[in-house]
>>> print(open('protein-v1.cif').read())   # mmCIF, C-alpha atoms
data_model
#
loop_
_atom_site.label_atom_id
_atom_site.label_comp_id
_atom_site.auth_asym_id
_atom_site.auth_seq_id
_atom_site.Cartn_x
_atom_site.Cartn_y
_atom_site.Cartn_z
CA MET A 243 12.92 20.07 20.70
CA GLU A 244 12.72 18.93 24.32
CA ASP A 245 8.98 19.59 24.26
CA ILE A 246 8.60 17.41 21.14
CA LYS A 247 10.66 14.64 22.73
CA ALA A 248 8.59 14.73 25.91
CA TYR A 249 5.34 14.80 23.94
CA MET A 250 6.32 11.81 21.78
CA GLN A 251 7.50 9.86 24.83
CA GLY A 252 4.05 10.41 26.32
CA VAL A 253 2.40 9.24 23.10
CA GLY A 254 4.62 6.14 23.09
CA GLN A 255 3.87 5.27 26.71
CA ALA A 256 0.13 5.64 26.13
CA ALA A 257 0.31 3.48 22.99
CA ARG A 258 2.22 0.74 24.78
CA ALA A 259 -0.31 0.67 27.62
CA ALA A 260 -3.20 0.59 25.15
CA SER A 261 -1.56 -2.20 23.15
CA ARG A 262 -1.72 -4.53 26.15
CA ILE A 263 -5.47 -3.94 26.44
CA MET A 264 -6.01 -4.32 22.69
CA ALA A 265 -4.14 -7.63 22.65
CA GLN A 266 -6.75 -8.97 25.10
CA ALA A 267 -9.79 -7.46 23.38
CA THR A 268 -12.38 -9.92 22.11
CA THR A 269 -13.37 -10.17 18.48
CA ASN A 270 -16.81 -8.83 19.36
CA GLU A 271 -15.35 -5.77 21.10
CA LYS A 272 -13.11 -4.97 18.15
CA ASN A 273 -15.89 -5.44 15.61
CA ARG A 274 -18.27 -3.24 17.60
CA ALA A 275 -15.61 -0.51 17.66
CA LEU A 276 -15.08 -0.74 13.91
CA THR A 277 -18.81 -0.51 13.27
CA ALA A 278 -19.12 2.48 15.60
CA ILE A 279 -16.24 4.24 13.83
CA ALA A 280 -17.81 3.56 10.42
CA ASP A 281 -21.11 5.02 11.66
CA SER A 282 -19.32 8.06 13.08
CA LEU A 283 -17.57 8.74 9.77
CA GLN A 284 -20.90 8.80 7.98
CA ALA A 285 -22.57 10.91 10.65
CA GLN A 286 -19.71 13.40 10.64
CA SER A 287 -19.39 13.54 6.84
CA PRO A 288 -20.18 17.30 6.67
CA ALA A 289 -17.51 18.04 9.30
CA LEU A 290 -14.98 15.85 7.48
CA LEU A 291 -15.63 17.61 4.17
CA ALA A 292 -15.35 21.03 5.83
CA ALA A 293 -12.03 20.12 7.45
CA ASN A 294 -10.79 18.69 4.16
CA ALA A 295 -11.79 21.84 2.28
CA LYS A 296 -9.47 23.84 4.59
CA ASP A 297 -6.58 21.49 3.83
CA VAL A 298 -7.20 21.49 0.08
CA ALA A 299 -7.44 25.29 -0.06
CA ALA A 300 -4.17 25.64 1.87
CA ALA A 301 -2.52 23.03 -0.35
CA ARG A 302 -3.47 24.91 -3.51
CA ALA A 303 -2.26 28.19 -1.99
CA ASN A 304 1.05 26.54 -1.14
CA GLY A 305 1.50 25.22 -4.69
CA LEU A 306 1.06 21.51 -3.95
CA ASP A 307 1.12 19.50 -7.18
CA ASP A 308 -2.05 18.09 -8.75
CA ALA A 309 -1.21 14.47 -7.88
CA SER A 310 -0.81 15.32 -4.20
CA ILE A 311 -4.03 17.35 -4.15
CA ASP A 312 -5.85 14.42 -5.75
CA ARG A 313 -4.63 12.15 -2.95
CA LEU A 314 -5.58 14.75 -0.35
CA THR A 315 -9.13 15.44 -1.50
CA LEU A 316 -12.14 13.79 0.13
CA ASN A 317 -15.69 13.62 -1.22
CA PRO A 318 -18.84 11.76 -0.12
CA LYS A 319 -17.78 8.72 -2.16
CA THR A 320 -14.35 8.46 -0.51
CA ILE A 321 -15.87 8.90 2.95
CA ARG A 322 -18.31 6.10 2.15
CA ALA A 323 -15.35 3.99 0.97
CA MET A 324 -13.56 4.59 4.29
CA SER A 325 -16.68 3.54 6.18
CA ASP A 326 -17.23 0.48 3.98
CA GLY A 327 -13.58 -0.53 4.42
CA LEU A 328 -14.01 -0.56 8.19
CA LEU A 329 -17.17 -2.65 7.92
CA GLN A 330 -15.36 -5.08 5.64
CA ILE A 331 -12.53 -5.37 8.18
CA ALA A 332 -15.14 -6.13 10.85
CA GLN A 333 -16.44 -9.00 8.72
CA LEU A 334 -13.01 -10.58 8.30
CA ALA A 335 -11.88 -13.47 10.45
CA ASP A 336 -9.96 -12.37 13.52
CA PRO A 337 -6.41 -13.72 13.16
CA ILE A 338 -5.46 -13.21 16.81
CA GLY A 339 -5.21 -16.44 18.78
CA GLU A 340 -5.32 -18.61 15.67
CA ILE A 341 -3.32 -21.81 16.23
CA SER A 342 -1.73 -23.55 13.27
CA GLY A 343 0.63 -26.43 12.57
CA LEU A 344 -0.07 -28.23 15.84
CA SER A 345 1.64 -31.61 15.81
CA PHE A 346 2.92 -34.23 18.27
CA ARG A 347 6.65 -34.71 18.81
CA PRO A 348 8.22 -38.03 19.87
CA SER A 349 8.42 -36.71 23.44
CA GLY A 350 4.63 -36.44 23.54
CA ILE A 351 4.50 -32.65 23.52
CA GLN A 352 2.44 -30.81 20.91
CA VAL A 353 4.15 -27.94 19.10
CA GLY A 354 2.36 -25.30 17.04
CA LYS A 355 2.16 -21.58 16.39
CA MET A 356 -0.25 -18.92 17.64
CA ARG A 357 -0.87 -15.66 15.82
CA VAL A 358 -0.38 -12.58 18.02
CA PRO A 359 -0.34 -8.78 17.54
CA LEU A 360 2.90 -6.96 16.80
CA GLY A 361 2.14 -4.40 19.52
CA VAL A 362 2.55 -0.72 18.62
CA ILE A 363 2.51 0.27 14.95
CA GLY A 364 3.82 3.67 13.88
CA ILE A 365 2.45 4.86 10.53
CA ILE A 366 3.94 7.88 8.76
CA TYR A 367 2.15 9.08 5.64
CA GLU A 368 1.60 12.02 3.33
CA SER A 369 -1.44 13.60 1.65
CA ARG A 370 -3.82 10.64 1.76
CA PRO A 371 -6.20 11.10 4.73
CA ASN A 372 -8.06 7.82 4.13
CA VAL A 373 -4.95 6.14 5.54
CA THR A 374 -6.02 7.43 8.96
CA ALA A 375 -9.20 5.36 8.88
CA ASP A 376 -7.67 2.35 7.10
CA ALA A 377 -4.70 2.12 9.46
CA ALA A 378 -6.86 2.61 12.53
CA GLY A 379 -9.23 -0.15 11.43
CA LEU A 380 -6.54 -2.68 10.63
CA CYS A 381 -4.63 -2.00 13.84
CA ILE A 382 -7.78 -2.30 15.95
CA LYS A 383 -8.88 -5.60 14.36
CA SER A 384 -5.37 -7.08 14.63
CA GLY A 385 -5.16 -6.18 18.33
CA ASN A 386 -2.48 -3.52 17.96
CA SER A 387 -2.32 0.12 18.95
CA ALA A 388 -1.35 2.77 16.39
CA ILE A 389 0.54 6.04 16.36
CA LEU A 390 -0.39 7.92 13.18
CA ARG A 391 1.63 10.81 11.85
CA GLY A 392 -0.02 12.23 8.73
CA GLY A 393 1.33 14.96 6.51
CA SER A 394 0.93 18.57 7.58
CA GLU A 395 -1.09 19.21 4.41
CA ALA A 396 -3.88 16.95 5.77
CA PHE A 397 -3.74 18.06 9.40
CA HIS A 398 -7.35 19.24 9.74
CA THR A 399 -8.75 16.23 7.87
CA ASN A 400 -6.74 13.71 9.87
CA SER A 401 -7.78 15.35 13.13
CA ALA A 402 -11.45 15.16 12.12
CA ILE A 403 -11.14 11.48 11.18
CA ALA A 404 -9.30 10.77 14.44
CA ALA A 405 -12.19 12.28 16.37
CA CYS A 406 -14.51 9.73 14.73
CA VAL A 407 -12.11 6.90 15.61
CA HIS A 408 -11.92 8.00 19.25
CA ALA A 409 -15.71 8.28 19.44
CA GLY A 410 -16.06 4.69 18.21
CA LEU A 411 -13.44 3.34 20.61
CA LYS A 412 -14.94 5.20 23.57
CA ALA A 413 -18.46 4.01 22.75
CA THR A 414 -17.34 0.38 22.93
CA GLY A 415 -15.12 0.62 26.01
CA LEU A 416 -11.76 0.26 24.27
CA PRO A 417 -8.95 2.73 25.05
CA GLU A 418 -8.97 5.88 22.93
CA ASN A 419 -5.17 5.81 23.03
CA ALA A 420 -5.28 2.65 20.94
CA VAL A 421 -5.21 5.07 18.00
CA GLN A 422 -3.34 8.35 18.40
CA VAL A 423 -2.80 10.97 15.72
CA VAL A 424 0.33 13.02 16.38
CA SER A 425 -0.94 16.52 17.08
CA THR A 426 2.13 18.44 15.91
CA THR A 427 3.33 19.10 12.38
CA ASP A 428 6.92 19.53 13.59
CA ARG A 429 9.13 17.15 11.60
CA ALA A 430 11.12 16.42 14.75
CA ALA A 431 8.18 14.25 15.85
CA VAL A 432 8.98 11.82 13.03
CA GLY A 433 12.60 11.57 14.18
CA GLU A 434 11.40 10.69 17.66
CA LEU A 435 8.79 8.19 16.48
CA ILE A 436 11.20 6.13 14.36
CA THR A 437 13.73 5.81 17.18
CA MET A 438 11.40 4.98 20.11
CA LYS A 439 12.19 1.28 20.07
CA GLU A 440 11.09 0.90 23.70
CA TYR A 441 7.54 1.86 22.69
CA VAL A 442 7.18 1.17 18.94
CA ASP A 443 7.44 -2.30 17.39
CA VAL A 444 7.30 -1.48 13.67
CA ILE A 445 7.16 1.58 11.42
CA VAL A 446 5.15 1.71 8.20
CA PRO A 447 5.99 4.73 6.00
CA ARG A 448 3.64 5.72 3.19
CA GLY A 449 4.70 8.60 1.00
CA GLY A 450 7.30 9.83 -1.41
CA LYS A 451 10.60 8.15 -2.08
CA SER A 452 12.60 10.74 -0.11
CA LEU A 453 10.44 10.26 2.99
CA ILE A 454 10.72 6.47 2.90
CA ALA A 455 14.46 6.58 2.17
CA ARG A 456 15.00 8.91 5.14
CA ILE A 457 12.99 6.72 7.48
CA SER A 458 14.70 3.54 6.29
CA GLU A 459 18.10 5.13 6.90
CA GLU A 460 17.39 6.72 10.29
CA ALA A 461 14.94 4.32 11.94
CA ARG A 462 15.97 2.23 14.93
CA VAL A 463 12.65 0.41 14.71
CA PRO A 464 11.94 -2.25 12.02
CA VAL A 465 10.39 -0.75 8.87
CA ILE A 466 7.84 -2.23 6.42
CA LYS A 467 8.33 -0.22 3.24
CA HIS A 468 8.33 0.29 -0.48
CA LEU A 469 10.33 3.01 -2.18
CA ASP A 470 8.82 3.08 -5.69
CA GLY A 471 5.83 1.88 -7.63
CA ILE A 472 7.38 1.36 -11.05
CA CYS A 473 4.66 -0.95 -12.37
CA HIS A 474 4.68 -2.63 -15.78
CA VAL A 475 2.09 -4.11 -18.11
CA TYR A 476 3.50 -6.52 -20.71
CA ILE A 477 1.30 -7.18 -23.74
CA ASP A 478 2.34 -10.61 -24.96
CA LYS A 479 2.26 -11.75 -28.60
CA ASP A 480 -0.70 -14.00 -27.69
CA ALA A 481 -2.75 -11.23 -26.07
CA ASP A 482 -6.37 -10.50 -26.91
CA ILE A 483 -6.05 -7.00 -28.41
CA ASP A 484 -9.33 -5.61 -27.06
CA LYS A 485 -8.52 -6.96 -23.61
CA ALA A 486 -4.99 -5.54 -23.78
CA ILE A 487 -6.25 -2.07 -24.69
CA ARG A 488 -8.78 -2.02 -21.84
CA ILE A 489 -6.25 -3.20 -19.27
CA ALA A 490 -3.37 -0.95 -20.37
CA ASP A 491 -5.68 2.07 -20.57
CA ASN A 492 -7.09 1.48 -17.08
CA ALA A 493 -3.70 0.69 -15.55
CA LYS A 494 -2.40 4.10 -16.58
CA THR A 495 -5.33 6.51 -16.75
CA HIS A 496 -7.72 5.36 -14.00
CA ARG A 497 -5.67 7.46 -11.56
CA TYR A 498 -2.23 8.91 -12.12
CA GLY A 499 -0.99 9.74 -8.64
CA VAL A 500 -1.09 6.26 -7.12
CA CYS A 501 1.64 3.69 -6.58
CA ASN A 502 -0.13 0.91 -8.51
CA ALA A 503 -0.55 2.91 -11.73
CA MET A 504 1.39 1.58 -14.71
CA GLU A 505 4.51 3.61 -15.47
CA THR A 506 6.01 1.47 -18.27
CA LEU A 507 4.20 -0.39 -21.04
CA LEU A 508 6.03 -3.29 -22.66
CA VAL A 509 4.69 -4.68 -25.94
CA SER A 510 5.78 -7.74 -27.90
CA GLY A 511 7.18 -6.78 -31.27
CA GLU A 512 4.91 -9.35 -32.93
CA ILE A 513 1.78 -7.50 -31.86
CA ALA A 514 2.98 -3.89 -31.49
CA ALA A 515 1.65 -2.65 -34.84
CA SER A 516 -1.78 -4.10 -34.03
CA VAL A 517 -2.16 -2.67 -30.53
CA LEU A 518 0.02 0.42 -30.03
CA PRO A 519 -1.65 2.80 -32.53
CA PHE A 520 -5.10 2.24 -30.97
CA LEU A 521 -3.82 2.36 -27.41
CA CYS A 522 -1.64 5.43 -27.91
CA LYS A 523 -4.56 7.26 -29.54
CA ILE A 524 -6.47 6.77 -26.27
CA TYR A 525 -3.52 8.00 -24.22
CA LEU A 526 -2.99 11.09 -26.35
CA GLU A 527 -6.69 11.97 -26.24
CA LYS A 528 -6.47 11.81 -22.43
CA GLY A 529 -3.42 14.04 -22.35
CA VAL A 530 -0.82 11.40 -21.53
CA GLU A 531 2.73 12.24 -22.61
CA LEU A 532 4.36 9.25 -24.31
CA ARG A 533 8.08 8.48 -24.13
CA GLY A 534 9.29 5.49 -26.08
CA ASP A 535 12.23 3.52 -27.34
CA GLU A 536 13.36 3.85 -30.96
CA ALA A 537 10.98 1.19 -32.29
CA SER A 538 7.99 2.75 -30.50
CA CYS A 539 8.82 6.24 -31.74
CA LYS A 540 8.94 4.97 -35.33
CA LEU A 541 5.47 3.51 -34.91
CA ILE A 542 3.91 6.47 -33.04
CA ARG A 543 5.04 9.82 -34.41
CA GLU A 544 3.72 11.82 -31.42
CA MET A 545 5.96 9.86 -29.04
CA LYS A 546 9.07 11.47 -27.56
CA PRO A 547 12.32 9.51 -27.23
CA ALA A 548 12.78 7.94 -23.80
CA ASP A 549 16.12 8.04 -22.02
CA GLU A 550 17.60 5.61 -19.49
CA GLU A 551 16.12 7.51 -16.55
CA ASP A 552 12.56 7.14 -17.89
CA TRP A 553 12.64 3.38 -17.34
CA ARG A 554 13.56 4.00 -13.68
CA THR A 555 10.99 6.72 -12.98
CA GLU A 556 7.74 6.55 -11.03
CA TYR A 557 5.97 9.47 -12.70
CA LEU A 558 2.77 9.61 -10.63
CA ALA A 559 1.59 11.80 -13.51
CA PRO A 560 0.12 11.51 -17.05
CA ILE A 561 3.45 10.36 -18.50
CA LEU A 562 4.09 6.84 -19.79
CA SER A 563 7.23 5.03 -20.95
CA VAL A 564 6.72 2.58 -23.81
CA ARG A 565 9.09 -0.11 -25.07
CA ILE A 566 8.71 -2.72 -27.77
CA VAL A 567 10.43 -5.95 -26.73
CA LYS A 568 11.45 -8.96 -28.76
CA ASP A 569 9.79 -11.57 -26.52
CA MET A 570 8.94 -12.50 -22.96
CA ASP A 571 12.59 -13.06 -22.07
CA GLU A 572 13.31 -9.43 -22.87
CA ALA A 573 10.19 -8.24 -21.05
CA ILE A 574 11.08 -10.13 -17.87
CA LEU A 575 14.67 -8.89 -18.07
CA HIS A 576 13.44 -5.31 -18.41
CA ILE A 577 11.21 -5.69 -15.35
CA ALA A 578 14.04 -7.26 -13.34
CA THR A 579 16.40 -4.44 -14.36
CA TYR A 580 14.14 -1.42 -13.90
CA GLY A 581 11.18 -2.54 -11.80
CA SER A 582 10.61 -1.85 -8.11
CA GLN A 583 9.09 -5.25 -7.20
CA HIS A 584 5.70 -3.62 -6.65
CA THR A 585 3.16 -4.80 -9.27
CA ASP A 586 3.59 -6.16 -12.78
CA ALA A 587 1.05 -7.66 -15.18
CA ILE A 588 0.95 -9.69 -18.37
CA VAL A 589 -1.85 -9.73 -20.94
CA THR A 590 -1.91 -13.06 -22.76
CA GLU A 591 -4.18 -15.90 -23.77
CA ASN A 592 -1.28 -18.38 -23.57
CA TYR A 593 -1.52 -20.35 -20.33
CA SER A 594 2.12 -21.43 -20.33
CA SER A 595 3.29 -17.84 -20.84
CA ALA A 596 1.03 -16.65 -18.04
CA MET A 597 2.34 -19.26 -15.62
CA ARG A 598 5.93 -18.49 -16.54
CA PHE A 599 5.37 -14.78 -15.93
CA LEU A 600 3.85 -15.54 -12.52
CA ARG A 601 6.83 -17.70 -11.56
CA GLU A 602 9.67 -15.56 -12.86
CA VAL A 603 8.63 -11.97 -12.17
CA ASP A 604 9.83 -11.24 -8.63
CA SER A 605 7.31 -8.62 -7.49
CA SER A 606 4.99 -8.38 -4.51
CA SER A 607 1.96 -8.64 -6.85
CA VAL A 608 2.07 -10.36 -10.25
CA MET A 609 -1.05 -10.37 -12.40
CA VAL A 610 -2.46 -12.07 -15.48
CA ASN A 611 -5.04 -10.26 -17.63
CA ALA A 612 -5.89 -7.65 -15.00
CA SER A 613 -5.06 -4.00 -14.39
CA THR A 614 -2.26 -3.18 -11.95
CA ARG A 615 -4.77 -0.88 -10.25
CA PHE A 616 -6.12 -3.95 -8.45
CA ALA A 617 -2.98 -4.09 -6.26
CA ASP A 618 -4.83 -2.77 -3.27
CA GLY A 619 -5.84 -4.17 0.10
CA PHE A 620 -9.53 -3.40 -0.38
CA GLU A 621 -9.58 -5.09 -3.81
CA TYR A 622 -7.69 -8.09 -2.39
CA GLY A 623 -10.37 -8.59 0.25
CA LEU A 624 -8.19 -7.36 3.12
CA GLY A 625 -10.74 -4.68 4.02
CA ALA A 626 -8.06 -2.06 3.62
CA GLU A 627 -4.29 -1.90 3.68
CA ILE A 628 -1.79 -0.22 5.92
CA GLY A 629 0.63 0.00 3.03
CA ILE A 630 2.21 -2.07 0.27
CA SER A 631 5.44 -3.80 1.12
CA THR A 632 8.07 -4.65 -1.47
CA ASP A 633 10.25 -6.19 1.24
CA LYS A 634 10.69 -9.96 1.28
CA ILE A 635 10.69 -10.49 5.04
CA HIS A 636 7.48 -10.86 7.11
CA ALA A 637 4.94 -8.91 5.03
CA ARG A 638 4.91 -8.56 1.23
CA GLY A 639 2.39 -6.84 -1.03
CA PRO A 640 -0.68 -5.11 0.46
CA VAL A 641 -0.32 -5.31 4.24
CA GLY A 642 -3.59 -6.26 5.89
CA LEU A 643 -4.46 -7.98 9.15
CA GLU A 644 -2.02 -10.86 8.87
CA GLY A 645 0.83 -8.49 8.01
CA LEU A 646 0.28 -6.73 11.35
CA THR A 647 0.67 -9.94 13.33
CA SER A 648 3.45 -12.31 14.21
CA GLN A 649 3.51 -15.92 15.37
CA LYS A 650 4.87 -17.40 18.53
CA TYR A 651 5.56 -21.06 19.19
CA ILE A 652 3.27 -22.74 21.69
CA VAL A 653 3.90 -26.07 23.37
CA LEU A 654 1.19 -28.24 24.94
CA GLY A 655 2.31 -30.95 27.31
CA SER A 656 0.93 -33.35 29.87
CA GLY A 657 3.83 -33.44 32.31
CA GLN A 658 6.71 -34.23 29.96
CA ILE A 659 10.30 -33.50 31.03
CA ARG A 660 13.38 -33.55 28.87
CA ILE A 661 15.82 -36.37 29.54
#
>>> encode(input="protein-v1.cif", output="structure tokens")
Amino acid sequence: MEDIKAYMQGVGQAARAASRIMAQATTNEKNRALTAIADSLQAQSPALLAANAKDVAAARANGLDDASIDRLTLNPKTIRAMSDGLLQIAQLADPIGEISGLSFRPSGIQVGKMRVPLGVIGIIYESRPNVTADAAGLCIKSGNSAILRGGSEAFHTNSAIAACVHAGLKATGLPENAVQVVSTTDRAAVGELITMKEYVDVIVPRGGKSLIARISEEARVPVIKHLDGICHVYIDKDADIDKAIRIADNAKTHRYGVCNAMETLLVSGEIAASVLPFLCKIYLEKGVELRGDEASCKLIREMKPADEEDWRTEYLAPILSVRIVKDMDEAILHIATYGSQHTDAIVTENYSSAMRFLREVDSSSVMVNASTRFADGFEYGLGAEIGISTDKIHARGPVGLEGLTSQKYIVLGSGQIRI
């Protein structure tokens, strides 16, 4: 335990020192590093796939569930996506040093705000190795340093990706310690990371509910978090049926083990008989287990009765809860009661209904006529995301560059004194 504490203290000290250099790095330097990392990922693709194959084989041998293995697995397409995400981040405007709201006061001083890095970002995540590249890229572009602690199941993959990151940083003269991957799988390292408030400015946990709950409870460092992704699609009485079927199908079956997959389908009673039979046929053909309220079960004989816990469950699996609601009031009430303030969508051709849904549903992403699967930093044009926040303070929704910065007041004077 003392060895882990000493090791993590060293990691924290190195990250703090690197953060001071990164805060002064020019946009050109940061963009060159991102491009070099993207190139390294492509060049080292065979090594990344070999490292990932070790992790996947071990995960299967250890009985890891299918959803976790899906998140763990890399292929040439996902490596290309990691590389493209870094290049997209490089193309984004650099937020650091941006001055906004500058205005004169009666005293003659000018007061405004300047965007600055947060400092040292600690990211704790499970299974998904692409987070290593995404988090590194966002932290580099936003002038921060990062301490990354991935899950033990992705240890070899994360180490291989980190080698590419370090190669890119070194090639462009930026400190390799700007991005550090914790080199131990000992869980005590997490306990140290989330309490090192002298070195770490914010923690971003990405993983299961138990992990995030533990970190939120034990951390002495501010946490940007979301606990659940209980996402809803509401098919309104004025929905286009073909559009509704496409969206609700994609929201659930595009990928099961992701936080922006739909877990509960709400359907207006006025349109249920026209849309549910066709939609549920698609789900059943794809092997999705359906659990519904009484009205839904009467309409779809293959559906199992849902209980109270189903409405509160993030399945991350081919299971879907279905409820027929009287109207939008009931749909919004259901979302407010059971939702997790992650992502919720309405399918409707009624403009007033769409605008009301946008105003009244209190989630970090609210959508009209689009799949919940779009709740993603890359799809939002952020280049990538460091996580999705359902908090209401500082960052909310997919956390990109701006979410990893803060603002400080600046004052410009010409000799004024206060009298």
>>> resolve_selection(input="protein-v1.cif", expression="the PyMOL selection byres ((chain A and resi 511) around 7)", output="number ranges by chain")
A: 509-510, 512-514, 566-568
>>> closest_residue(input="protein-v1.cif", among="A:Lys540, A:Lys467, A:Arg615, A:Arg660", to="Ala637 of chain A", atoms="only C-alpha atoms")
A:Lys467
>>> resolve_selection(input="protein-v1.cif", expression="the PyMOL selection byres ((chain A and resi 603) around 10)", output="PyMOL selection string")
chain A and resi 573-575+577-578+581+583+585-587+598-602+604-609
>>> write_last_selection(input="protein-v1.cif", atoms="C-alpha atoms", output="short mmCIF file (atom, residue, chain, number, x, y, z; two decimals), in the frame of the given file")
data_model
loop_
_atom_site.label_atom_id
_atom_site.label_comp_id
_atom_site.auth_asym_id
_atom_site.auth_seq_id
_atom_site.Cartn_x
_atom_site.Cartn_y
_atom_site.Cartn_z
CA ALA A 573 10.19 -8.24 -21.05
CA ILE A 574 11.08 -10.13 -17.87
CA LEU A 575 14.67 -8.89 -18.07
CA ILE A 577 11.21 -5.69 -15.35
CA ALA A 578 14.04 -7.26 -13.34
CA GLY A 581 11.18 -2.54 -11.80
CA GLN A 583 9.09 -5.25 -7.20
CA THR A 585 3.16 -4.80 -9.27
CA ASP A 586 3.59 -6.16 -12.78
CA ALA A 587 1.05 -7.66 -15.18
CA ARG A 598 5.93 -18.49 -16.54
CA PHE A 599 5.37 -14.78 -15.93
CA LEU A 600 3.85 -15.54 -12.52
CA ARG A 601 6.83 -17.70 -11.56
CA GLU A 602 9.67 -15.56 -12.86
CA ASP A 604 9.83 -11.24 -8.63
CA SER A 605 7.31 -8.62 -7.49
CA SER A 606 4.99 -8.38 -4.51
CA SER A 607 1.96 -8.64 -6.85
CA VAL A 608 2.07 -10.36 -10.25
CA MET A 609 -1.05 -10.37 -12.40
#
>>> resolve_selection(input="protein-v1.cif", expression="the PyMOL selection byres ((chain A and resi 336-348) around 10)", output="NGL selection string")
:A and (265-270 or 272-273 or 331-335 or 349-359 or 383-385 or 643-644 or 646-655)
>>> residues_near_point(input="protein-v1.cif", point="(1.0, 6.0, 25.7)", cutoff="10 Å", atoms="all atoms listed in the file", output="NGL selection string")
:A and (249-261 or 362 or 387 or 389 or 419-422 or 441)
>>> closest_residue(input="protein-v1.cif", among="A:Gly623, A:Gly392, A:Gly657, A:Gly327", to="Ala404 of chain A", atoms="only C-alpha atoms")
A:Gly392
>>> residues_around(input="protein-v1.cif", residues="Thr427 of chain A", least_positions_apart="5", cutoff="8 Å", atoms="all atoms listed in the file", output="PyMOL selection string")
chain A and resi 393-394+397
>>> closest_residue(input="protein-v1.cif", among="A:Arg565, A:Lys634, A:Arg497, A:Lys485", to="Ala537 of chain A", atoms="all atoms listed in the file")
A:Arg565
>>> closest_residue(input="protein-v1.cif", among="A:Gly433, A:Pro464, A:Pro640, A:Gly450", to="Tyr367 of chain A", atoms="all atoms listed in the file")
A:Gly450
>>> residues_near_point(input="protein-v1.cif", point="(-4.2, 0.4, -6.8)", cutoff="7 Å", atoms="only C-alpha atoms", output="ChimeraX atom specification")
/A:500-503,614-618
>>> atom_distance(input="protein-v1.cif", atom1="atom CA of Leu390 of chain A", atom2="atom CA of Thr374 of chain A")
7.1 Å
>>> closest_residue(input="protein-v1.cif", among="A:Ile454, A:Cys522, A:Ala275, A:Ser631", to="Ile542 of chain A", atoms="all atoms listed in the file")
A:Cys522
>>> closest_residue(input="protein-v1.cif", among="A:Glu550, A:Asp478, A:Ser656, A:Ala300", to="Glu572 of chain A", atoms="all atoms listed in the file")
A:Asp478
>>> atom_distance(input="protein-v1.cif", atom1="atom CA of Thr590 of chain A", atom2="atom CA of Leu558 of chain A")
26.1 Å
>>> atom_distance(input="protein-v1.cif", atom1="atom CA of Ile321 of chain A", atom2="atom CA of Ala280 of chain A")
9.4 Å
>>> residues_around(input="protein-v1.cif", residues="Glu395 of chain A", least_positions_apart="6", cutoff="9 Å", atoms="all atoms listed in the file", output="list in words")
Asp297, Val298, Ala300, Ala301, Leu306, Leu314, Glu368 and Ser369 of chain A
>>> closest_atom_pairs(input="protein-v1.cif", of="segment 280-344 of chain A", to="segment 407-411 of chain A", cutoff="10 Å", atoms="all atoms listed in the file", output="CSV")
residue,atom,partner,partner_atom,distance
A:Ala280,CA,A:Gly410,CA,8.1
A:Asp281,CA,A:Gly410,CA,8.3
A:Ser282,CA,A:Gly410,CA,6.9
A:Leu283,CA,A:Val407,CA,8.2
>>> residues_around(input="protein-v1.cif", residues="Ile445 of chain A", least_positions_apart="3", cutoff="12 Å", atoms="all atoms listed in the file", output="PyMOL selection string")
chain A and resi 360-367+388-391+432-439+441-442+448+454+457-458+460-467+628-629+631+646
>>> residues_around(input="protein-v1.cif", residues="Arg554 of chain A", least_positions_apart="2", cutoff="6 Å", atoms="all atoms listed in the file", output="ChimeraX atom specification")
/A:551-552,580
